[in-house]
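Single-structure report; data block below.
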Amino acid sequence: MEKIAFCPDGGEAVEFYVLEQTRLAGRDYILVTESLDEEEGEALILKDVSSPEDQEAVYETVDDEQELDAVASVFADMLEDVDLER
């Protein structure tokens, strides 16, 4: 499983495991978690908001309820053995 580091502006790097990725309505999304422990694992859905001139991908959390529901549904279908709760 791929592990990536995110460096928030002015913050310390945080590492996440990438559980899955998808593209929806022309935008890339990733489902990430800090822990692989299924009992305690909390997942985040992040979307790529990079512009073509960015050298590295820029991700932000999905806050819009409709967008979050749509992307979560896609990830739930992709990961049939994982229960995504909000």
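Ligands are numbered from 1 in the order shown, chains are lettered A, B, ... in the order of the structure tokens, and residues start at 1 in each chain.
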Can you list, as a PDB file with all heavy atoms, in the first residue's frame, every protein, DNA or RNA residue that comes within 10 Å of A:Met78 when you count only C-alpha atoms, leaving out same-chain residues fewer than 5 positions away?
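Below is the file out_0.pdb, written as the result:
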ATOM      1  N   GLU A  20      -7.386   4.103  -1.867  1.00  0.00           N
ATOM      2  CA  GLU A  20      -7.944   4.013  -3.220  1.00  0.00           C
ATOM      3  C   GLU A  20      -7.907   5.389  -3.852  1.00  0.00           C
ATOM      4  O   GLU A  20      -7.778   6.400  -3.165  1.00  0.00           O
ATOM      5  CB  GLU A  20      -9.384   3.495  -3.134  1.00  0.00           C
ATOM      6  CG  GLU A  20      -9.968   3.030  -4.443  1.00  0.00           C
ATOM      7  CD  GLU A  20      -9.183   1.926  -5.119  1.00  0.00           C
ATOM      8  OE1 GLU A  20      -9.315   0.756  -4.731  1.00  0.00           O
ATOM      9  OE2 GLU A  20      -8.428   2.249  -6.060  1.00  0.00           O
ATOM     10  N   GLN A  21      -8.017   5.411  -5.154  1.00  0.00           N
ATOM     11  CA  GLN A  21      -8.099   6.678  -5.881  1.00  0.00           C
ATOM     12  C   GLN A  21      -9.099   6.529  -7.016  1.00  0.00           C
ATOM     13  O   GLN A  21      -9.339   5.429  -7.503  1.00  0.00           O
ATOM     14  CB  GLN A  21      -6.737   7.092  -6.414  1.00  0.00           C
ATOM     15  CG  GLN A  21      -6.086   6.093  -7.333  1.00  0.00           C
ATOM     16  CD  GLN A  21      -4.657   6.492  -7.664  1.00  0.00           C
ATOM     17  OE1 GLN A  21      -4.154   7.523  -7.240  1.00  0.00           O
ATOM     18  NE2 GLN A  21      -3.990   5.659  -8.431  1.00  0.00           N
ATOM     19  N   THR A  22      -9.697   7.664  -7.404  1.00  0.00           N
ATOM     20  CA  THR A  22     -10.670   7.652  -8.490  1.00  0.00           C
ATOM     21  C   THR A  22     -10.721   9.023  -9.145  1.00  0.00           C
ATOM     22  O   THR A  22     -10.171   9.998  -8.626  1.00  0.00           O
ATOM     23  CB  THR A  22     -12.072   7.241  -7.970  1.00  0.00           C
ATOM     24  OG1 THR A  22     -12.931   6.972  -9.084  1.00  0.00           O
ATOM     25  CG2 THR A  22     -12.697   8.337  -7.122  1.00  0.00           C
ATOM     26  N   ALA A  72     -17.831   9.347  -1.853  1.00  0.00           N
ATOM     27  CA  ALA A  72     -17.870   8.259  -0.872  1.00  0.00           C
ATOM     28  C   ALA A  72     -18.594   7.048  -1.434  1.00  0.00           C
ATOM     29  O   ALA A  72     -18.188   5.904  -1.190  1.00  0.00           O
ATOM     30  CB  ALA A  72     -18.530   8.732   0.415  1.00  0.00           C
ATOM     31  N   SER A  73     -19.635   7.278  -2.197  1.00  0.00           N
ATOM     32  CA  SER A  73     -20.373   6.177  -2.823  1.00  0.00           C
ATOM     33  C   SER A  73     -19.494   5.413  -3.814  1.00  0.00           C
ATOM     34  O   SER A  73     -19.515   4.177  -3.852  1.00  0.00           O
ATOM     35  CB  SER A  73     -21.614   6.730  -3.526  1.00  0.00           C
ATOM     36  OG  SER A  73     -22.292   5.704  -4.197  1.00  0.00           O
TER      37      SER A  73
END
Kindly indicate which residue among A:Glu34, A:Glu67, A:Glu53, A:Asp28 lies nearest to A:Val14, using only C-alpha atoms for the distances.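 For A:Val14, the nearest of the candidates is A:Glu34.
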Name the residues in contact with A:Val32 at a cut-off of 7 Å, using only C-alpha atoms, excluding same-chain residues fewer than 3 positions from it; report them as a PyMOL selection string. chain A and resi 16-19+43-45
Using the chain letters and numbers from this document, which residues of chain A does DSSP assign to strand (DSSP E or B), as an MDAnalysis selection string? chainID A and resid 3:6 14:24 27:33 43:48 59:61
List as a ChimeraX atom specification the protein and nucleic acid residues near stretch 5-13 of chain A, meaning an atom at most 12 Å away when only C-alpha atoms are counted, but skip any in the same chain fewer than 6 places from it. /A:32-34,46,56-61
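In this structure, atom CA of A:Ser51 sits 20.7 Å away from atom CA of A:Val71.
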Could you please write out, as a PyMOL selection string, every residue of chain A that DSSP assigns to helix (DSSP H, G or I)? chain A and resi 65-78
